[in-house]
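This report concerns only the one structure given below.
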Amino acid sequence: RLRRARLRVEKAIKEKKIFTVHGPYPVIRRLLRARGWVERKLPRNGKQLKQQPGDQRKQQLEKRASGGGDEQGEAVLNPRAHDKENTGEREDEDKEEDQEQCSEDSEDIHDLMSFLVQDQVPNFLWTIRLSSVDQELLPRIEVVNRYPRLAALCTKEGLCQSLQNLSWFEQVDFNTFFPRCYRLGFMDEEEAFTEDFCLTAARSLLKLALQKVRDRPVGTEQPPKPDEVPGECTEQAKRGGGPCSPLYPQLVEEALKVCEQHLGVLGHQDIDRDTPLPCRTCIDWDRFLPEYYRVAHEGTGLVLGREQRERCQDLLQRLEEKLPQLGIEGNLNIWIVKPSAKSRGRGIVCATRLEEVLELAQSCTGPPAQVCEWVVQKYVERPLTIFNTKFDIRQWFVVTDWKPLTVWFYRDCYLRFCSRPFSLCHLEPARHLCNVSIQKRYKTSQPDPRVPPDKIWCNKQFQAHLARLGRANAWQRVMVPGMKAAILNALRCTRDQVGSRKGSFELFGADFLIGEDFQPWLLEINSCPTMSPSSAVTRRLCANVQRDTLRLVLDRKDNPTCSIGAFELLYREAAVSSCLTVDLKLMVTGCSLKKP
């Protein structure tokens with residue numbers, strides 16, 4: 001056994017096939033071993049992994065072959081699984097993956113080979129985090145699956161700030177693919193959010209006025225019945241059982257005035273004359289917003305004259321030409337507040353009132369150099385739903401180089417469903433946050449029998465659903481091009497802030513929401529997306545994307561024509577050749593100016 005291990009180690013060293021895997025990646029380990037790579041295992045808890053006697057190991061292998069578990073073997077595969085929130089799930093998943101591995105070699109031969117290569121620098125590293133690797137060793141590793149300094153791309157605060165600078169890199173309006181977002185704790189952005197919230201409230205009031213008018217003759221003054229109020233809850237109407245106190249009569253007129261002035265600002269009419277800012281001097285917002293809340297969230301009726309109705313329709317039509325997000329913002333002015341650097345949906349809440357968000361902002365206000373703790377983003381109130389259930393899309397892509405920028409798009413992806421029917425009347429996570437780690441808390445909830453029990457679809461199932469709706473072309477003609485463009489724009493405006501390293505690569509997971517018009521909206525980009533399968537669909541797709549990633553970054557080096565699976569080249573920046581040559585002589589010619 002020792003002779004066999006030494007021969008394989010010598011061959012691996014000669015061919016530069018020493019690898020290290022840190023984290024729950026049994027598929028990567030299995031695929032690399034099948035290619036003849038030898039693993040140098042990382043120490044556990046700062047100590048070297050101990051080898052087990054051959055007889056004891058043999059007994060464990062026999063137990064595993066007969067269907068039994070192997071807790072100690074799992075610890076080798078995933079040494080830090082117990083530090084994760086979903087410990088039990090990942091342990092079970094890694095055991096199942098381990099059972100699928102080729103059983104030619106017992107685990108002790110790999111432990112022995114790992115011992116023999118402890119003095120070797122790995123040629124390939126796949127890790128869940130760079131901080132777990134010796135920083136003196138890291139620069140000597142040829143290929144690493146992570147890039148340093150990804151905050152500008154992979155935190156909510158960083159992406160928000162980076163996309164605000166997109167116009168310096170591309171002639172693209174980020175409002176066409178990224179719901180508008182503000183960093184709380186920064187005074188200028190808080191003021192911009194306050195102004196946006198107020199303007200959105202004014203537009204929403206006009207939409208509500210038109211929506212309510214459809215249910216009764218124009219000009220009638222009878223308030224609508226509670227069950228006739230569309231869209232949102234009618235809490236006050238239901239609880240009180242009687243008519244609400246009347247609104248002040250200038251409410252609609254003030255909303256029209258605000259929207260007209262805002263339209264003028266959008267048309268740059270404020271450049272040549274002193275036009276007041278509509279959110280600061282136009283109306284009394286302390287009076288307007290509470291009245292708007294009554295209409296939007298409490299079911300209070302509106303009175304709309306024929307002339308006002310025509311003005312509302314005309315203004316909203318003109319605003320739609322200027323505001324690319326008017327179609328998704330709805331009429332209830334819902335915003336979503338997110339921790340700036342957390343993942344898996346932790347700490348996310350929805351808010352409908354300005355004071356709720358500003359109170360949170362006051363709790364995290366700090367020096368300008370301090371990283372903000374929260375961002376607030378416009379909630380997409382009109383998403384595309386499947387069986388009246390909200391979903392989002394996890395889309396993978398790989399960056400193999402930042403300079404020149406080289407991006408590969410994965411043609412397969414998956415959808416994540418919520419556990420309860422979509423409703424703007426109830427803002428709990430089960431209806432609005434599609435993260436698997438959130439929805440697993442609601443396993444007993446089933447929004448519709450047609451939604452899969454594991455709440456996951458692959459893109460092929462989604463395409464079949466679109467075909468049944470008569471929109472089979474929406475995927476290839478609208479959604480995929482939109483996702484590709486959003487990913488590329490995000491990368492272009494963050495590339496100078498990311499730690500570029502030749503030989504490295506990274507697999508990213510972008511999350512998209514689809515609007516009613518099938519346009520994709522980028523929500524966030526995740527570094528090191530989870531590869532722990534939560535369903536039969538993700539088990540297959542996660543294994544496939546890991547296999548194809550290794551083909552892309554390893555096999556393709558030796559064989560440029562090899563298969564790279566479902567990856568396709570999204571973008572490769574043209575290399576910039578130097579225009580200077582050796583011994584180039586520069587000379588300026590001319591004559592001096594003489595006084596007349």
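Simple scheme: letters A, B, ... for chains in structure tokens order, numbers from 1 for residues in each chain, numbers from 1 for ligands in the order shown.
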For this session: Please provide the set of residues having any atom within 7 Å of range 194-211 of chain A, restricted to only C-alpha atoms, with same-chain residues fewer than 4 positions apart removed, written as a ChimeraX atom specification.
Result: /A:190,255,258-259,279,292,302,304,309,312,331-333
For this session: Write down as a PyMOL selection string the residues of range 418-580 of chain A whose backbone DSSP state falls under alpha helix (DSSP H).
Result: chain A and resi 429-432+436-439+459-468+474+480-492+536-550+556-558
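You can rank A:Gly499, A:Pro421, A:Gly482, A:Gly515 by their closest distance to Asp392 in chain A using only C-alpha atoms, and at the top of that list sits A:Gly515.
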Exercise. Between A:Glu260, A:Asp454, A:Asp511, A:Asp401, which one has atoms that come closest to Asp314 in chain A, using only C-alpha atoms?
Worked result: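 Smallest distance to Asp314 in chain A is found for A:Glu260.
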Problem set entry | Arg572 in chain A surroundings by only C-alpha atoms, 8 Å radius, close-in-sequence under 4 positions cut, as a PyMOL selection string | chain A and resi 404-407
Serialized selection, C-alpha atoms, as a compact mmCIF listing (two decimals), in the first residue's frame:
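Below is the file out.txt, written as the result:
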# COMPACT_ATOMS: atom_id res chain seq x y z
CA PRO A 404 -8.76 41.33 -19.48
CA LEU A 405 -12.27 40.65 -18.21
CA THR A 406 -13.35 37.12 -19.18
CA VAL A 407 -16.80 35.85 -18.17
